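Below: one structure, written as structure tokens.
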Amino acid sequence: MKYNTIKKAILSKVAVIAFTMVAPTLANDHHISKVDSIINVFMPAERNLAGFFNSSNKTPYNTFVEELDSILRDFQRKIETITRSHNDDISVAIDELMDYVAQHFNILCNVFKKYNGKPATYALDFSVEIKREFNPEKIFGEMIAKLKALRAKAVNADHKHLVKRIDCLMQLIQKKKSEWSAKPDWVLFTGLTNRMTYH
């Protein structure tokens, strides 16, 4: 009888030690999964946006709206299914970044929907509104700033794999920010006008 009690006590201690060793790895994997979900929405949404303003792309306006809407619905489902653990700074920062990305791409999608079916004579109104509501240079810059703060937290917590994923995402966003900065307004306006003629 005493042997069973000692055996249970030892097993309990081993279980506690194993859990304390595995728990940080599980949290780190959870953080990486969240950052990967941001990458998985950012890239197709940005690709959709770039294609929309490309004057040589003849895809109908409505197709772009449907694709962007689908990307964002999938991301929203992912956000809702991901456990939001607000017990550590890293989780809170990632959750805030996910909300920021979803919020701004949803604003973009709503502007697209608003002008869907409108003639090209509305291109100037669309252009003014899109610049006001969704400026890629500004929004991507804010995403990079949030990622730098997140990276500092991950470095302090010694989450090396998470730091690598954050670096990857920052490089992707920085590259896209530079590409958008290099596009003159007239090129974007021409692409927009052409897109509004292909309903």
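Residue names in the structure tokens use chain letters A, B, ... in the order shown, residue numbers from 1 in each chain, and ligand numbers from 1 in the order shown.
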Excluding Phe140 of chain A and its own-chain neighbours fewer than 4 positions away, which residues fall within 12 Å of it when counting only C-alpha atoms? Please give them as a ChimeraX atom specification. /A:42,46,97,100-101,104-105,134-136,144-147,169-181
To one decimal place in Å, what is the distance between atom CA of Ile79 of chain A and atom CA of Ala102 of chain A?
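Atom-to-atom, atom CA of Ile79 of chain A and atom CA of Ala102 of chain A are spaced 9.0 Å apart.
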Considering only C-alpha atoms, return as a count of residues only whatever protein or nucleic-acid residues lie within 9 Å of Lys34 of chain A, sequence-local ones (same chain, fewer than 6 positions apart) excluded. 6
**Asked** Contacts of Gln76 of chain A at 10 Å or less, counting only C-alpha atoms, minus same-chain residues fewer than 2 places along, as a ChimeraX atom specification?
**Response** /A:41,70-74,78-82,98-99,102-103,106
